[in-house]
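**Student:** Sharing structure_17.pdb below, PDB, C-alpha atoms:
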```pdb
ATOM      1  CA  MET T 149      24.002 165.042  43.191
ATOM      2  CA  ALA T 150      23.932 164.347  39.442
ATOM      3  CA  GLN T 151      27.697 164.179  38.855
ATOM      4  CA  TYR T 152      28.157 162.104  41.979
ATOM      5  CA  PRO T 153      27.836 158.503  40.793
ATOM      6  CA  ALA T 154      30.279 158.997  37.912
ATOM      7  CA  GLU T 155      32.880 160.415  40.270
ATOM      8  CA  LEU T 156      32.336 157.579  42.680
ATOM      9  CA  ASN T 157      32.657 155.004  39.917
ATOM     10  CA  GLY T 158      36.179 156.171  39.188
ATOM     11  CA  VAL T 159      37.104 155.987  42.849
ATOM     12  CA  PHE T 160      35.650 152.547  43.345
ATOM     13  CA  SER T 161      37.122 151.029  40.225
ATOM     14  CA  ALA T 162      40.488 152.483  41.186
ATOM     15  CA  LEU T 163      40.162 150.769  44.544
ATOM     16  CA  ALA T 164      39.101 147.479  42.975
ATOM     17  CA  ASP T 165      42.702 146.389  42.605
ATOM     18  CA  PRO T 166      44.836 145.121  45.507
ATOM     19  CA  THR T 167      48.019 146.811  44.268
ATOM     20  CA  ARG T 168      46.263 150.149  44.106
ATOM     21  CA  ARG T 169      44.765 149.655  47.562
ATOM     22  CA  GLU T 170      48.287 148.992  48.869
ATOM     23  CA  VAL T 171      49.489 152.190  47.276
ATOM     24  CA  VAL T 172      46.656 154.182  48.822
ATOM     25  CA  ALA T 173      47.333 152.623  52.217
ATOM     26  CA  ARG T 174      51.041 153.408  51.911
ATOM     27  CA  LEU T 175      50.337 157.015  50.911
ATOM     28  CA  GLY T 176      48.155 157.344  53.984
ATOM     29  CA  ARG T 177      51.451 157.427  55.891
ATOM     30  CA  GLY T 178      52.733 160.303  53.778
ATOM     31  CA  PRO T 179      53.956 161.084  50.246
ATOM     32  CA  ALA T 180      56.243 158.634  48.452
ATOM     33  CA  SER T 181      58.059 158.487  45.140
ATOM     34  CA  VAL T 182      56.868 156.205  42.338
ATOM     35  CA  GLY T 183      60.172 154.326  42.496
ATOM     36  CA  GLU T 184      59.807 153.729  46.205
ATOM     37  CA  LEU T 185      56.210 152.521  45.752
ATOM     38  CA  ALA T 186      57.131 150.263  42.840
ATOM     39  CA  ARG T 187      59.916 148.592  44.816
ATOM     40  CA  SER T 188      57.438 147.355  47.398
ATOM     41  CA  THR T 189      55.635 145.428  44.637
ATOM     42  CA  SER T 190      57.184 142.798  42.396
ATOM     43  CA  MET T 191      56.137 144.768  39.323
ATOM     44  CA  THR T 192      58.162 146.406  36.622
ATOM     45  CA  LEU T 193      58.079 150.190  36.633
ATOM     46  CA  PRO T 194      56.005 150.468  33.407
ATOM     47  CA  SER T 195      53.263 148.159  34.692
ATOM     48  CA  PHE T 196      53.301 149.880  38.040
ATOM     49  CA  MET T 197      52.925 153.258  36.318
ATOM     50  CA  LYS T 198      49.591 152.094  34.882
ATOM     51  CA  HIS T 199      48.272 151.735  38.418
ATOM     52  CA  VAL T 200      49.596 155.157  39.328
ATOM     53  CA  ARG T 201      47.816 156.656  36.312
ATOM     54  CA  THR T 202      44.542 154.969  37.244
ATOM     55  CA  LEU T 203      44.758 156.286  40.781
ATOM     56  CA  GLU T 204      45.604 159.730  39.513
ATOM     57  CA  ALA T 205      42.673 159.703  37.065
ATOM     58  CA  SER T 206      40.308 158.751  39.884
ATOM     59  CA  GLY T 207      41.484 161.760  41.857
ATOM     60  CA  LEU T 208      42.578 159.597  44.785
ATOM     61  CA  ILE T 209      46.202 160.621  44.413
ATOM     62  CA  ARG T 210      48.140 163.492  42.891
ATOM     63  CA  THR T 211      51.606 163.247  41.440
ATOM     64  CA  ARG T 212      54.289 165.894  40.978
ATOM     65  CA  LYS T 213      57.521 165.543  39.086
ATOM     66  CA  GLU T 214      60.660 167.206  40.322
ATOM     67  CA  GLY T 215      63.746 166.434  38.308
ATOM     68  CA  ARG T 216      63.702 162.687  37.788
ATOM     69  CA  VAL T 217      61.555 161.894  40.787
ATOM     70  CA  ARG T 218      57.756 161.684  40.635
ATOM     71  CA  THR T 219      56.169 162.012  44.062
ATOM     72  CA  CYS T 220      52.667 160.757  44.880
ATOM     73  CA  THR T 221      50.396 162.203  47.535
ATOM     74  CA  LEU T 222      46.952 161.182  48.663
ATOM     75  CA  ASP T 223      44.035 163.511  48.013
ATOM     76  CA  ARG T 224      41.974 163.400  51.181
ATOM     77  CA  GLU T 225      39.002 165.178  49.638
ATOM     78  CA  ARG T 226      38.351 162.117  47.523
ATOM     79  CA  PHE T 227      38.099 160.069  50.640
ATOM     80  CA  ASP T 228      35.567 162.422  52.123
ATOM     81  CA  LEU T 229      33.519 161.807  48.999
ATOM     82  CA  VAL T 230      33.077 158.170  49.905
ATOM     83  CA  SER T 231      33.134 158.401  53.664
ATOM     84  CA  GLY T 232      29.450 159.042  54.359
ATOM     85  CA  TRP T 233      27.353 155.978  55.134
ATOM     86  CA  LEU T 234      24.693 156.929  52.608
ATOM     87  CA  ASP T 235      27.361 157.359  49.921
ATOM     88  CA  GLN T 236      28.651 153.913  50.733
ATOM     89  CA  GLN T 237      25.175 152.454  50.427
ATOM     90  CA  ARG T 238      24.721 154.309  47.166
ATOM     91  CA  ALA T 239      27.985 152.828  45.909
ATOM     92  CA  VAL T 240      26.768 149.336  46.845
ATOM     93  CA  TRP T 241      23.516 149.854  44.931
ATOM     94  CA  GLU T 242      25.196 151.523  41.959
ATOM     95  CA  GLY T 243      27.555 148.557  41.751
ATOM     96  CA  ARG T 244      24.656 146.139  42.001
ATOM     97  CA  THR T 245      22.780 147.970  39.276
ATOM     98  CA  ASP T 246      25.836 148.021  36.999
ATOM     99  CA  ARG T 247      26.221 144.262  37.414
ATOM    100  CA  LEU T 248      22.501 143.648  36.839
ATOM    101  CA  VAL T 249      22.604 145.726  33.642
ATOM    102  CA  GLN T 250      25.653 143.858  32.423
ATOM    103  CA  PHE T 251      24.046 140.523  33.249
ATOM    104  CA  VAL T 252      20.632 141.092  31.639
ATOM    105  CA  GLU T 253      22.013 142.847  28.582
ATOM    106  CA  ALA T 254      24.401 139.950  27.985
ATOM    107  CA  GLU T 255      21.538 137.465  28.423
ATOM    108  CA  GLN T 256      19.490 139.452  25.942
ATOM    109  CA  GLU T 257      22.257 139.195  23.332
ATOM    110  CA  ASP T 258      22.530 135.446  23.836
ATOM    111  CA  ALA T 259      18.790 134.976  23.376
TER     112      ALA T 259
ATOM    113  CA  MET G  34      11.958 160.326  49.572
ATOM    114  CA  ASN G  35      14.106 161.743  52.349
ATOM    115  CA  PRO G  36      17.439 162.870  50.846
ATOM    116  CA  GLU G  37      19.266 162.327  54.131
ATOM    117  CA  LEU G  38      18.186 158.740  54.487
ATOM    118  CA  ASP G  39      17.168 157.462  51.075
ATOM    119  CA  LEU G  40      18.762 156.839  47.760
ATOM    120  CA  GLU G  41      17.315 156.407  44.324
ATOM    121  CA  ILE G  42      18.815 154.847  41.237
ATOM    122  CA  GLN G  43      17.306 155.099  37.789
ATOM    123  CA  ARG G  44      18.554 153.488  34.588
ATOM    124  CA  ILE G  45      17.226 152.662  31.165
ATOM    125  CA  ILE G  46      18.207 149.036  30.650
ATOM    126  CA  ARG G  47      18.307 147.437  27.215
ATOM    127  CA  ALA G  48      16.478 144.309  28.303
ATOM    128  CA  THR G  49      12.832 143.459  28.828
ATOM    129  CA  PRO G  50      11.107 143.751  32.204
ATOM    130  CA  ASP G  51      10.739 139.939  31.985
ATOM    131  CA  ALA G  52      14.497 139.437  31.750
ATOM    132  CA  ILE G  53      15.165 141.802  34.657
ATOM    133  CA  TRP G  54      12.472 140.174  36.755
ATOM    134  CA  GLU G  55      14.078 136.809  36.087
ATOM    135  CA  ALA G  56      17.504 138.147  37.090
ATOM    136  CA  TRP G  57      16.043 139.271  40.413
ATOM    137  CA  THR G  58      13.877 136.264  41.219
ATOM    138  CA  ASN G  59      15.733 133.262  39.793
ATOM    139  CA  PRO G  60      18.269 132.247  42.475
ATOM    140  CA  GLU G  61      20.881 131.094  39.964
ATOM    141  CA  GLN G  62      20.698 134.391  38.139
ATOM    142  CA  LEU G  63      20.670 136.581  41.236
ATOM    143  CA  ALA G  64      23.820 134.844  42.484
ATOM    144  CA  GLN G  65      25.640 135.966  39.353
ATOM    145  CA  TRP G  66      25.317 139.709  39.885
ATOM    146  CA  TRP G  67      24.336 140.312  43.505
ATOM    147  CA  LEU G  68      27.915 140.659  44.808
ATOM    148  CA  PRO G  69      31.010 142.131  43.221
ATOM    149  CA  ALA G  70      33.749 139.752  42.048
ATOM    150  CA  PRO G  71      35.901 138.263  43.431
ATOM    151  CA  MET G  72      33.331 137.683  46.165
ATOM    152  CA  GLN G  73      31.134 134.667  45.641
ATOM    153  CA  CYS G  74      27.446 134.716  46.375
ATOM    154  CA  ARG G  75      25.135 131.906  47.355
ATOM    155  CA  VAL G  76      21.384 132.439  47.272
ATOM    156  CA  GLU G  77      20.209 130.324  50.193
ATOM    157  CA  GLN G  78      16.526 131.249  50.017
ATOM    158  CA  LEU G  79      14.538 133.183  47.484
ATOM    159  CA  ASP G  80      10.797 132.896  47.715
ATOM    160  CA  ALA G  81       9.382 135.767  45.693
ATOM    161  CA  VAL G  82       5.967 136.062  47.333
ATOM    162  CA  PRO G  83       4.856 138.616  49.927
ATOM    163  CA  GLY G  84       6.322 137.395  53.219
ATOM    164  CA  GLY G  85       8.804 135.161  51.393
ATOM    165  CA  ALA G  86      12.465 134.909  52.298
ATOM    166  CA  LEU G  87      15.518 136.435  50.642
ATOM    167  CA  VAL G  88      18.684 135.047  52.178
ATOM    168  CA  THR G  89      22.126 135.323  50.624
ATOM    169  CA  THR G  90      25.576 134.457  51.908
ATOM    170  CA  MET G  91      28.985 135.433  50.622
ATOM    171  CA  SER G  92      32.490 134.091  50.505
ATOM    172  CA  THR G  93      35.905 135.368  49.619
ATOM    173  CA  ASP G  94      37.476 131.930  49.225
ATOM    174  CA  GLY G  95      34.557 129.802  48.010
ATOM    175  CA  ALA G  96      34.825 127.608  51.106
ATOM    176  CA  GLU G  97      33.458 129.589  54.019
ATOM    177  CA  PHE G  98      30.195 131.477  53.432
ATOM    178  CA  VAL G  99      29.108 134.180  55.862
ATOM    179  CA  PRO G 100      25.742 135.961  56.168
ATOM    180  CA  HIS G 101      25.098 138.732  53.682
ATOM    181  CA  VAL G 102      21.415 139.595  53.312
ATOM    182  CA  ASN G 103      18.561 138.219  55.398
ATOM    183  CA  ALA G 104      15.352 139.906  54.329
ATOM    184  CA  CYS G 105      11.680 139.442  53.693
ATOM    185  CA  PHE G 106       9.621 140.338  50.622
ATOM    186  CA  LEU G 107       6.798 142.777  51.258
ATOM    187  CA  VAL G 108       5.378 143.334  47.781
ATOM    188  CA  VAL G 109       5.819 141.087  44.764
ATOM    189  CA  ALA G 110       4.051 142.204  41.589
ATOM    190  CA  PRO G 111       5.593 140.068  38.824
ATOM    191  CA  ARG G 112       7.580 142.022  36.230
ATOM    192  CA  GLU G 113       6.516 145.324  37.826
ATOM    193  CA  ARG G 114       7.487 145.811  41.444
ATOM    194  CA  LEU G 115       9.516 144.081  44.105
ATOM    195  CA  VAL G 116       9.828 145.366  47.666
ATOM    196  CA  PHE G 117      11.864 143.750  50.423
ATOM    197  CA  SER G 118      13.194 144.785  53.793
ATOM    198  CA  ASN G 119      15.878 143.530  56.138
ATOM    199  CA  ALA G 120      14.107 145.088  59.127
ATOM    200  CA  ILE G 121      12.124 141.837  59.251
ATOM    201  CA  ASP G 122      14.231 138.760  58.650
ATOM    202  CA  SER G 123      13.350 135.695  56.606
ATOM    203  CA  GLU G 124      11.573 134.186  59.605
ATOM    204  CA  TRP G 125       9.604 137.402  60.158
ATOM    205  CA  ARG G 126      11.621 138.228  63.255
ATOM    206  CA  PRO G 127      12.138 141.968  63.778
ATOM    207  CA  ALA G 128      15.801 142.513  63.003
ATOM    208  CA  ASN G 129      18.428 145.193  63.383
ATOM    209  CA  PRO G 130      20.948 144.225  60.724
ATOM    210  CA  ALA G 131      24.287 145.817  59.916
ATOM    211  CA  PRO G 132      25.141 148.149  58.426
ATOM    212  CA  VAL G 133      21.675 149.680  58.393
ATOM    213  CA  ARG G 134      18.017 148.758  58.186
ATOM    214  CA  MET G 135      16.518 149.338  54.805
ATOM    215  CA  THR G 136      13.555 148.737  52.549
ATOM    216  CA  ALA G 137      14.366 148.399  48.875
ATOM    217  CA  GLU G 138      11.742 149.011  46.216
ATOM    218  CA  VAL G 139      12.504 147.921  42.659
ATOM    219  CA  VAL G 140      10.154 149.219  39.957
ATOM    220  CA  LEU G 141      10.196 148.061  36.322
ATOM    221  CA  ARG G 142       8.344 149.884  33.549
ATOM    222  CA  ALA G 143       8.370 149.027  29.858
ATOM    223  CA  HIS G 144      10.333 151.623  27.885
ATOM    224  CA  PRO G 145      10.880 151.954  24.092
ATOM    225  CA  GLU G 146      14.526 150.956  24.634
ATOM    226  CA  GLY G 147      13.800 148.190  27.100
ATOM    227  CA  THR G 148      13.034 148.918  30.722
ATOM    228  CA  ASP G 149      12.858 152.002  32.859
ATOM    229  CA  TYR G 150      14.476 150.595  35.998
ATOM    230  CA  ARG G 151      14.243 152.327  39.343
ATOM    231  CA  VAL G 152      15.400 151.391  42.792
ATOM    232  CA  LEU G 153      14.431 153.369  45.871
ATOM    233  CA  VAL G 154      16.193 152.362  49.060
ATOM    234  CA  ARG G 155      14.745 153.763  52.267
ATOM    235  CA  HIS G 156      17.060 153.505  55.263
ATOM    236  CA  GLY G 157      16.358 153.543  58.964
ATOM    237  CA  SER G 158      17.604 156.570  60.829
ATOM    238  CA  ALA G 159      21.316 157.283  60.992
ATOM    239  CA  ASP G 160      21.076 156.799  64.776
ATOM    240  CA  ASP G 161      20.161 153.183  64.171
ATOM    241  CA  ARG G 162      23.276 152.827  62.242
ATOM    242  CA  ALA G 163      25.589 154.308  64.847
ATOM    243  CA  THR G 164      25.107 151.233  67.027
ATOM    244  CA  HIS G 165      26.460 149.136  64.210
ATOM    245  CA  GLU G 166      29.434 151.298  63.454
ATOM    246  CA  GLU G 167      31.844 148.804  64.990
ATOM    247  CA  VAL G 168      30.497 145.996  62.851
ATOM    248  CA  GLY G 169      31.704 147.791  59.764
ATOM    249  CA  PHE G 170      30.559 147.275  56.256
ATOM    250  CA  ARG G 171      30.565 143.728  55.123
ATOM    251  CA  GLU G 172      29.860 144.265  51.517
ATOM    252  CA  GLY G 173      32.578 144.928  48.992
ATOM    253  CA  TRP G 174      33.202 148.576  48.488
ATOM    254  CA  GLY G 175      31.894 149.597  51.834
ATOM    255  CA  ALA G 176      34.417 147.397  53.569
ATOM    256  CA  VAL G 177      37.255 148.459  51.343
ATOM    257  CA  THR G 178      36.657 152.175  51.600
ATOM    258  CA  GLU G 179      35.980 152.144  55.292
ATOM    259  CA  GLN G 180      39.143 150.216  56.065
ATOM    260  CA  LEU G 181      41.131 152.493  53.848
ATOM    261  CA  ALA G 182      39.622 155.617  55.318
ATOM    262  CA  THR G 183      40.451 154.372  58.805
ATOM    263  CA  LEU G 184      43.967 153.516  57.759
ATOM    264  CA  VAL G 185      44.499 156.822  56.057
ATOM    265  CA  GLU G 186      42.933 158.941  58.744
ATOM    266  CA  GLY G 187      44.587 157.053  61.562
ATOM    267  CA  ARG G 188      48.091 157.548  60.282
ATOM    268  CA  ASN G 189      48.218 161.058  58.987
TER     269      ASN G 189
END
```
When written as structure tokens, how does the structure in this file appear?
**Tutor:**
Amino acid sequence: MAQYPAELNGVFSALADPTRREVVARLGRGPASVGELARSTSMTLPSFMKHVRTLEASGLIRTRKEGRVRTCTLDRERFDLVSGWLDQQRAVWEGRTDRLVQFVEAEQEDA
Amino acid sequence: MNPELDLEIQRIIRATPDAIWEAWTNPEQLAQWWLPAPMQCRVEQLDAVPGGALVTTMSTDGAEFVPHVNACFLVVAPRERLVFSNAIDSEWRPANPAPVRMTAEVVLRAHPEGTDYRVLVRHGSADDRATHEEVGFREGWGAVTEQLATLVEGRN
């Protein structure tokens, strides 16, 4: 249970971005190359790669390079991590607590 | 604490119990952290007395606000303990809210570094929740992950 929130934080912050959610949704239909994924956005490849790295770091996706093509696949185990209703409630409360901490600690510095 | 139904969060916060109490009970302050950006929160009612109302609404576009939390305070011990439940709404009507009924207990204790902050959330049974499955999660991450999980699971 102890390592849980930290793992979830990575997943949820990875999913905080609409581009990354699109990528995850696309990969739900099957693996795709980075180039293919980038073309569906209006981003340059280097900026798109940052999103790929974030998703990879969260464990939501895995990438594999063969020759010049890097292929992304979705890691379904990560989804199971956040699929339980209690986990979702925990994520809501963890998020709330993070924001409260940020808010009161910032207030404290202003005072 | 029932590990299948309840969750507990504990943090040491570098702020006084007073400051945290204010963040919870001052409507303007609560609105600033209660929901994740980019969602906007409006605190419609916040009467921090036992039996008092806690009603918040949320919006994605800043124009249309939809219900978020409709709850009732049970215990209010200033700067120490705050308990509220959505199983009784702000008008004291027994309620069965989505996604799940819960009682949240917030406990503040002075700590050398600031405040020992604990939240214990007790949920109604998982069976309760099943009836609300179709409603889905309305709050932030819940909604996002559930939609994604459905999308991902439905297409593979």
**Student:** Could you work out which residues of chain T fall inside 9 Å of chain G? Count all atoms listed in the file, and format the result as a PDB file with C-alpha atoms, keeping the file's coordinate frame.
**Tutor:**
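This went into iface-v9.pdb:
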```pdb
ATOM      1  CA  PHE T 160      35.650 152.547  43.345  1.00  0.00           C
ATOM      2  CA  LEU T 163      40.162 150.769  44.544  1.00  0.00           C
ATOM      3  CA  ALA T 164      39.101 147.479  42.975  1.00  0.00           C
ATOM      4  CA  ARG T 169      44.765 149.655  47.562  1.00  0.00           C
ATOM      5  CA  VAL T 172      46.656 154.182  48.822  1.00  0.00           C
ATOM      6  CA  ALA T 173      47.333 152.623  52.217  1.00  0.00           C
ATOM      7  CA  ARG T 174      51.041 153.408  51.911  1.00  0.00           C
ATOM      8  CA  LEU T 175      50.337 157.015  50.911  1.00  0.00           C
ATOM      9  CA  GLY T 176      48.155 157.344  53.984  1.00  0.00           C
ATOM     10  CA  ARG T 177      51.451 157.427  55.891  1.00  0.00           C
ATOM     11  CA  GLY T 178      52.733 160.303  53.778  1.00  0.00           C
ATOM     12  CA  LEU T 222      46.952 161.182  48.663  1.00  0.00           C
ATOM     13  CA  ARG T 224      41.974 163.400  51.181  1.00  0.00           C
ATOM     14  CA  PHE T 227      38.099 160.069  50.640  1.00  0.00           C
ATOM     15  CA  ASP T 228      35.567 162.422  52.123  1.00  0.00           C
ATOM     16  CA  VAL T 230      33.077 158.170  49.905  1.00  0.00           C
ATOM     17  CA  SER T 231      33.134 158.401  53.664  1.00  0.00           C
ATOM     18  CA  TRP T 233      27.353 155.978  55.134  1.00  0.00           C
ATOM     19  CA  LEU T 234      24.693 156.929  52.608  1.00  0.00           C
ATOM     20  CA  ASP T 235      27.361 157.359  49.921  1.00  0.00           C
ATOM     21  CA  GLN T 236      28.651 153.913  50.733  1.00  0.00           C
ATOM     22  CA  GLN T 237      25.175 152.454  50.427  1.00  0.00           C
ATOM     23  CA  ARG T 238      24.721 154.309  47.166  1.00  0.00           C
ATOM     24  CA  ALA T 239      27.985 152.828  45.909  1.00  0.00           C
ATOM     25  CA  VAL T 240      26.768 149.336  46.845  1.00  0.00           C
ATOM     26  CA  TRP T 241      23.516 149.854  44.931  1.00  0.00           C
ATOM     27  CA  GLU T 242      25.196 151.523  41.959  1.00  0.00           C
ATOM     28  CA  GLY T 243      27.555 148.557  41.751  1.00  0.00           C
ATOM     29  CA  ARG T 244      24.656 146.139  42.001  1.00  0.00           C
ATOM     30  CA  THR T 245      22.780 147.970  39.276  1.00  0.00           C
ATOM     31  CA  ASP T 246      25.836 148.021  36.999  1.00  0.00           C
ATOM     32  CA  ARG T 247      26.221 144.262  37.414  1.00  0.00           C
ATOM     33  CA  LEU T 248      22.501 143.648  36.839  1.00  0.00           C
ATOM     34  CA  VAL T 249      22.604 145.726  33.642  1.00  0.00           C
ATOM     35  CA  GLN T 250      25.653 143.858  32.423  1.00  0.00           C
ATOM     36  CA  PHE T 251      24.046 140.523  33.249  1.00  0.00           C
ATOM     37  CA  VAL T 252      20.632 141.092  31.639  1.00  0.00           C
ATOM     38  CA  GLU T 253      22.013 142.847  28.582  1.00  0.00           C
ATOM     39  CA  GLU T 255      21.538 137.465  28.423  1.00  0.00           C
ATOM     40  CA  GLN T 256      19.490 139.452  25.942  1.00  0.00           C
TER      41      GLN T 256
END
```
**Student:** Would you compute the distance between atom CA of G:Val109 and atom CA of G:Arg142? Give it in Å to one decimal.
**Tutor:**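 Result for atom CA of G:Val109 versus atom CA of G:Arg142: 14.5 Å, one decimal.
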**Student:** Excluding stretch 78-94 of chain G and any residue of its chain fewer than 2 positions from it, enumerate the residues within 8 Å of it, using only C-alpha atoms, and give them as a short mmCIF file (atom, residue, chain, number, x, y, z; two decimals) with C-alpha atoms, in the frame of the given file.
**Tutor:**
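Saved result, result.cif, follows:
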```cif
data_model
loop_
_atom_site.label_atom_id
_atom_site.label_comp_id
_atom_site.auth_asym_id
_atom_site.auth_seq_id
_atom_site.Cartn_x
_atom_site.Cartn_y
_atom_site.Cartn_z
CA THR G 58 13.88 136.26 41.22
CA ASN G 59 15.73 133.26 39.79
CA PRO G 60 18.27 132.25 42.48
CA LEU G 68 27.92 140.66 44.81
CA PRO G 71 35.90 138.26 43.43
CA MET G 72 33.33 137.68 46.16
CA GLN G 73 31.13 134.67 45.64
CA CYS G 74 27.45 134.72 46.38
CA ARG G 75 25.14 131.91 47.36
CA VAL G 76 21.38 132.44 47.27
CA ALA G 96 34.83 127.61 51.11
CA GLU G 97 33.46 129.59 54.02
CA PHE G 98 30.20 131.48 53.43
CA VAL G 99 29.11 134.18 55.86
CA PRO G 100 25.74 135.96 56.17
CA HIS G 101 25.10 138.73 53.68
CA VAL G 102 21.42 139.60 53.31
CA ASN G 103 18.56 138.22 55.40
CA ALA G 104 15.35 139.91 54.33
CA CYS G 105 11.68 139.44 53.69
CA PHE G 106 9.62 140.34 50.62
CA LEU G 107 6.80 142.78 51.26
CA VAL G 108 5.38 143.33 47.78
CA VAL G 109 5.82 141.09 44.76
CA ASP G 122 14.23 138.76 58.65
CA SER G 123 13.35 135.70 56.61
CA GLU G 124 11.57 134.19 59.60
CA TRP G 125 9.60 137.40 60.16
#
```
**Student:** Can you give me, as a PyMOL selection string, the residues this file yields under the PyMOL selection byres ((chain T and resi 197) around 12)?
**Tutor:** chain T and resi 167-168+171+181-183+185-187+189+191-196+198-204+211+218+220
**Student:** Deliver the residues from the most recent selection as a file, using C-alpha atoms, as a PDB file, in the frame of the given file.
**Tutor:**
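Result saved to again.pdb:
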```pdb
ATOM      1  CA  THR T 167      48.019 146.811  44.268  1.00  0.00           C
ATOM      2  CA  ARG T 168      46.263 150.149  44.106  1.00  0.00           C
ATOM      3  CA  VAL T 171      49.489 152.190  47.276  1.00  0.00           C
ATOM      4  CA  SER T 181      58.059 158.487  45.140  1.00  0.00           C
ATOM      5  CA  VAL T 182      56.868 156.205  42.338  1.00  0.00           C
ATOM      6  CA  GLY T 183      60.172 154.326  42.496  1.00  0.00           C
ATOM      7  CA  LEU T 185      56.210 152.521  45.752  1.00  0.00           C
ATOM      8  CA  ALA T 186      57.131 150.263  42.840  1.00  0.00           C
ATOM      9  CA  ARG T 187      59.916 148.592  44.816  1.00  0.00           C
ATOM     10  CA  THR T 189      55.635 145.428  44.637  1.00  0.00           C
ATOM     11  CA  MET T 191      56.137 144.768  39.323  1.00  0.00           C
ATOM     12  CA  THR T 192      58.162 146.406  36.622  1.00  0.00           C
ATOM     13  CA  LEU T 193      58.079 150.190  36.633  1.00  0.00           C
ATOM     14  CA  PRO T 194      56.005 150.468  33.407  1.00  0.00           C
ATOM     15  CA  SER T 195      53.263 148.159  34.692  1.00  0.00           C
ATOM     16  CA  PHE T 196      53.301 149.880  38.040  1.00  0.00           C
ATOM     17  CA  LYS T 198      49.591 152.094  34.882  1.00  0.00           C
ATOM     18  CA  HIS T 199      48.272 151.735  38.418  1.00  0.00           C
ATOM     19  CA  VAL T 200      49.596 155.157  39.328  1.00  0.00           C
ATOM     20  CA  ARG T 201      47.816 156.656  36.312  1.00  0.00           C
ATOM     21  CA  THR T 202      44.542 154.969  37.244  1.00  0.00           C
ATOM     22  CA  LEU T 203      44.758 156.286  40.781  1.00  0.00           C
ATOM     23  CA  GLU T 204      45.604 159.730  39.513  1.00  0.00           C
ATOM     24  CA  THR T 211      51.606 163.247  41.440  1.00  0.00           C
ATOM     25  CA  ARG T 218      57.756 161.684  40.635  1.00  0.00           C
ATOM     26  CA  CYS T 220      52.667 160.757  44.880  1.00  0.00           C
TER      27      CYS T 220
END
```
**Student:** Rounded to one decimal in Å, what is the spacing between atom CA of G:Ala137 and atom CA of G:Leu115?
**Tutor:** 8.1 Å
**Student:** If I take atom CA of G:Ala128 and atom CA of G:Ser158, how far is one from the other in Å, to one decimal?
**Tutor:**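 About the pair atom CA of G:Ala128 and atom CA of G:Ser158: they are 14.3 Å apart.
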**Student:** Please expand the PyMOL selection byres ((chain G and resi 140) around 6) into the concrete residues it hits in this file, giving the result as JSON, numbers by chain.
**Tutor:** {"G": [113, 114, 139, 141, 151]}
